Amino acid sequence: MVMLNLISAAFSQNAKAVLIADSLTRVSLYDNNGWGGTPLAWTLQEHLNEVASNDDLVALARSHRNGAARAVAFRLLLARCDNRYRDILYCSLNDTTSFREQGFDIIGSTNVANYMVNAVTQHWDFQSLRDSIYLDSLIRSEPKLMETAPHLYNTLVKRSTVRDYRRIFTHKDSVTLDSMLFFTPNMQHIDRLYTILEELPAEECYYERLHQMYYDEGIAEALPNLCRYRREEDKATVIECLLEYSKGLDKEDAQEGPEGRTDQGLEAVAIWPNPAFLPALRKVRDYEVSRKHYDYWRIRLFYLALMAYDDENSYNFIDETLRMTGRNKTTQKYHLEFFHKAYETSPNFRYESLLKKYDKIP
């Protein structure tokens with residue numbers, strides 16, 4: 001009879017875990033919805049943590065029908081420092097099932113693979129951001145924040161339950177994961193890949209894979225890396241990207257469809273400032289100084305690309321562009337502002353006199 005009761009209790013606990021997982025259709029990062037209430041997803045996550053065994057979490061993370069449930073089960077398993085997370089992680093890298101993710105009153109979307117990778121590479125848990133750069137900058141920029149928003153204090157600091165799962169995700173694990181993400185085709189749904197690309201050294205052994213990423217898999221962000229090798233055959237590609245400046249925009253310059261690769265082209269020019277790109281850069285400039293809706297990021301990239309040439313022609317090009325923007329005060333304001341920001345990012349004495357010449361932002 002005792003054994004029967006134990007089996008019945010175990011089955012009941014497992015059934016509860018499955019029932020909760022069936023209801024989990026989104027993930028909540030914090031126990032507050034930004035308005036003082038508790039998101040339903042947070043409550044469900046807490047209940048799942050209470051009733052689910054590690055074996056339950058493994059089963060849910062591997063095969064539950066809800067992507068959000070798979071993600072939460074993985075995160076809870078990781079928090080318990082259960083080493084079985086590794087096999088689940090590596091087997092889930094192609095899981096592109098999307099679900100909603102809530103942080104306070106901001107709701108976005110992610111996918112299972114991306115969520116799992118972020119869980120092991122971004123060291124914070126649902127309950128606390130105590131160790132994060134975000135909280136540090138938040139407190140420094142808003143020193144009275146915790147006094148004026150006590151619910152944030154409770155969420156971020158007072159109720160912290162950080163678990164040190166980092167001891168099971170080692171440096172070796174990090175290298176293994178990054179290698180898998182880089183060398184496995186079609187990993188563009190995982191944000192970590194783009195961090196890897198930003199930090200990748202220009203070693204010859206990576207060129208073929210970067211070439212495959214860009215030309216076969218359509219990962220536009222691989223183009224700047226390709227241009228570190230300065231291969232003649234990639235010049236036409238950079239020019240083609242630059243000339244896609246209006247792709248995906250309607251007649252009012254508002255986004256209407258998939259955008260072009262001009263930003264990646266500008267980033268490539270900043271790495272490889274070749275004279276062959278100047279005619280295309282002029283066309284980009286003519287478009288940007290006349291458009292109705294401004295793309296602030298692109299304006300900054302444009303000036304960074306020109307300053308990379310570091311010669312008299314680029315100086316005159318920038319000078320000419322800033323004069324052209326004087327036809328419209330709003331256009332001039334944004335171009336001057338983002339020329340200044342570009343200079344702050346990549347200061348060069350050659351262009352300092354332009355800062356003085358155009359020192360007043362309207």
# chains A, B, ... in the order shown; residues from 1 in each chain; ligands from 1

$ residues_around --residues "region 112-123 of chain A" --least-positions-apart "3" --cutoff "9 Å" --atoms "only C-alpha atoms" --output "count of residues only"
30

$ closest_residue --among "A:Tyr334, A:Tyr309, A:Phe302, A:Tyr229" --to "Glu267 (chain A)" --atoms "only C-alpha atoms"
A:Phe302

$ residues_around --residues "region 294-297 of chain A" --least-positions-apart "3" --cutoff "9 Å" --atoms "only C-alpha atoms" --output "number ranges by chain"
A: 253, 263, 288-289, 291, 300-302, 331, 334-335, 338

$ residues_around --residues "Lys235 (chain A)" --least-positions-apart "4" --cutoff "9 Å" --atoms "only C-alpha atoms" --output "list in words"
Cys227, Arg230, Arg231, Ile239, Glu240, Asn274, Ala276 and Phe277 of chain A

$ residues_around --residues "Ile271 (chain A)" --least-positions-apart "3" --cutoff "9 Å" --atoms "only C-alpha atoms" --output "ChimeraX atom specification"
/A:224-225,227-228,266-268,305,308

$ write_last_selection --atoms "N, CA and C atoms" --output "compact mmCIF listing (two decimals), in the first residue's frame"
# COMPACT_ATOMS: atom_id res chain seq x y z
N PRO A 224 31.15 42.18 -43.52
CA PRO A 224 32.30 42.93 -43.00
C PRO A 224 33.49 42.02 -42.67
N ASN A 225 33.20 40.83 -42.15
CA ASN A 225 34.30 39.90 -41.86
C ASN A 225 35.00 39.46 -43.14
N CYS A 227 35.39 41.15 -45.75
CA CYS A 227 36.18 42.26 -46.30
C CYS A 227 37.48 42.49 -45.55
N ARG A 228 37.65 41.84 -44.43
CA ARG A 228 38.94 41.91 -43.75
C ARG A 228 40.03 41.22 -44.57
N LEU A 266 28.24 49.39 -45.77
CA LEU A 266 28.96 50.51 -45.15
C LEU A 266 29.94 50.01 -44.09
N GLU A 267 29.53 49.02 -43.32
CA GLU A 267 30.44 48.45 -42.33
C GLU A 267 31.64 47.81 -43.02
N ALA A 268 31.38 47.20 -44.18
CA ALA A 268 32.47 46.57 -44.95
C ALA A 268 33.45 47.64 -45.46
N ALA A 305 32.35 55.07 -42.59
CA ALA A 305 32.92 54.51 -43.81
C ALA A 305 33.80 55.53 -44.51
N ALA A 308 37.15 56.24 -42.82
CA ALA A 308 38.12 55.14 -42.92
C ALA A 308 39.11 55.36 -44.07

$ residues_around --residues "region 207-214 of chain A" --least-positions-apart "6" --cutoff "10 Å" --atoms "only C-alpha atoms" --output "list in words"
Phe182, Phe183, Thr184, Pro185, Asn186, Met187, Gln188, Leu197, Ala220, Glu221, Ala222, Leu223, Pro224, Asn225, Leu226, Cys227, Arg228, Tyr229 and Asp234 of chain A

$ atom_distance --atom1 "CA of Ile168 (chain A)" --atom2 "CA of Tyr90 (chain A)"
15.0 Å

$ atom_distance --atom1 "CA of Lys356 (chain A)" --atom2 "CA of Arg327 (chain A)"
19.7 Å

$ residues_around --residues "Asn54 (chain A)" --least-positions-apart "2" --cutoff "8 Å" --atoms "only C-alpha atoms" --output "VMD selection string"
chain A and resid 52 56 to 58 77 82

$ closest_residue --among "A:Arg100, A:Lys251, A:Arg65, A:Arg298" --to "Arg26 (chain A)" --atoms "only C-alpha atoms"
A:Arg100

$ atom_distance --atom1 "CA of Leu242 (chain A)" --atom2 "CA of Arg261 (chain A)"
6.9 Å

$ decode --residues "region 289-319 of chain A" --atoms "N, CA and C atoms" --output "CSV table (one decimal), in the first residue's frame"
chain,number,residue,atom,x,y,z
A,289,VAL,N,20.6,62.3,-48.0
A,289,VAL,CA,20.4,63.7,-47.7
A,289,VAL,C,19.1,64.2,-48.3
A,290,SER,N,18.4,63.3,-49.0
A,290,SER,CA,17.1,63.8,-49.6
A,290,SER,C,15.9,63.0,-49.1
A,291,ARG,N,16.1,62.0,-48.3
A,291,ARG,CA,15.0,61.1,-47.9
A,291,ARG,C,14.1,61.8,-46.8
A,292,LYS,N,12.9,61.4,-46.7
A,292,LYS,CA,11.9,62.0,-45.8
A,292,LYS,C,12.1,61.4,-44.4
A,293,HIS,N,12.2,60.1,-44.3
A,293,HIS,CA,12.4,59.5,-43.0
A,293,HIS,C,13.9,59.1,-42.8
A,294,TYR,N,14.5,59.5,-41.7
A,294,TYR,CA,15.9,59.3,-41.5
A,294,TYR,C,16.3,58.0,-40.9
A,295,ASP,N,17.4,57.4,-41.3
A,295,ASP,CA,17.9,56.2,-40.7
A,295,ASP,C,19.2,56.6,-39.9
A,296,TYR,N,19.0,56.9,-38.6
A,296,TYR,CA,20.1,57.4,-37.8
A,296,TYR,C,21.3,56.5,-37.8
A,297,TRP,N,21.1,55.2,-37.7
A,297,TRP,CA,22.2,54.2,-37.7
A,297,TRP,C,23.0,54.3,-39.0
A,298,ARG,N,22.3,54.4,-40.1
A,298,ARG,CA,22.9,54.4,-41.4
A,298,ARG,C,23.7,55.7,-41.6
A,299,ILE,N,23.2,56.8,-41.1
A,299,ILE,CA,24.0,58.0,-41.2
A,299,ILE,C,25.3,57.9,-40.5
A,300,ARG,N,25.3,57.4,-39.3
A,300,ARG,CA,26.5,57.2,-38.6
A,300,ARG,C,27.5,56.2,-39.3
A,301,LEU,N,27.0,55.1,-39.8
A,301,LEU,CA,27.8,54.2,-40.6
A,301,LEU,C,28.4,54.8,-41.8
A,302,PHE,N,27.6,55.7,-42.5
A,302,PHE,CA,28.1,56.4,-43.7
A,302,PHE,C,29.3,57.2,-43.4
A,303,TYR,N,29.3,58.0,-42.3
A,303,TYR,CA,30.5,58.8,-41.9
A,303,TYR,C,31.6,58.0,-41.4
A,304,LEU,N,31.4,56.9,-40.8
A,304,LEU,CA,32.4,56.0,-40.3
A,304,LEU,C,33.1,55.4,-41.6
A,305,ALA,N,32.3,55.1,-42.6
A,305,ALA,CA,32.9,54.5,-43.8
A,305,ALA,C,33.8,55.5,-44.5
A,306,LEU,N,33.3,56.8,-44.6
A,306,LEU,CA,34.1,57.8,-45.3
A,306,LEU,C,35.4,58.1,-44.5
A,307,MET,N,35.3,58.2,-43.2
A,307,MET,CA,36.5,58.6,-42.4
A,307,MET,C,37.6,57.5,-42.5
A,308,ALA,N,37.2,56.2,-42.8
A,308,ALA,CA,38.1,55.1,-42.9
A,308,ALA,C,39.1,55.4,-44.1
A,309,TYR,N,38.7,56.2,-45.1
A,309,TYR,CA,39.7,56.4,-46.2
A,309,TYR,C,40.9,57.2,-45.8
A,310,ASP,N,40.6,58.1,-44.8
A,310,ASP,CA,41.7,58.9,-44.2
A,310,ASP,C,42.5,59.6,-45.3
A,311,ASP,N,41.9,60.4,-46.2
A,311,ASP,CA,42.6,61.1,-47.2
A,311,ASP,C,41.9,62.4,-47.5
A,312,GLU,N,42.5,63.2,-48.4
A,312,GLU,CA,41.9,64.5,-48.7
A,312,GLU,C,40.6,64.4,-49.4
A,313,ASN,N,40.4,63.4,-50.3
A,313,ASN,CA,39.2,63.2,-51.0
A,313,ASN,C,38.0,62.9,-50.1
A,314,SER,N,38.3,62.1,-49.1
A,314,SER,CA,37.2,61.7,-48.1
A,314,SER,C,36.8,63.0,-47.3
A,315,TYR,N,37.9,63.8,-47.0
A,315,TYR,CA,37.6,65.0,-46.2
A,315,TYR,C,36.7,65.9,-47.0
A,316,ASN,N,37.0,66.1,-48.3
A,316,ASN,CA,36.1,66.9,-49.2
A,316,ASN,C,34.8,66.3,-49.4
A,317,PHE,N,34.7,65.0,-49.4
A,317,PHE,CA,33.4,64.3,-49.6
A,317,PHE,C,32.5,64.6,-48.4
A,318,ILE,N,33.1,64.5,-47.2
A,318,ILE,CA,32.3,64.8,-46.0
A,318,ILE,C,31.9,66.2,-45.9
A,319,ASP,N,32.8,67.1,-46.2
A,319,ASP,CA,32.6,68.6,-46.3
A,319,ASP,C,31.4,68.9,-47.2
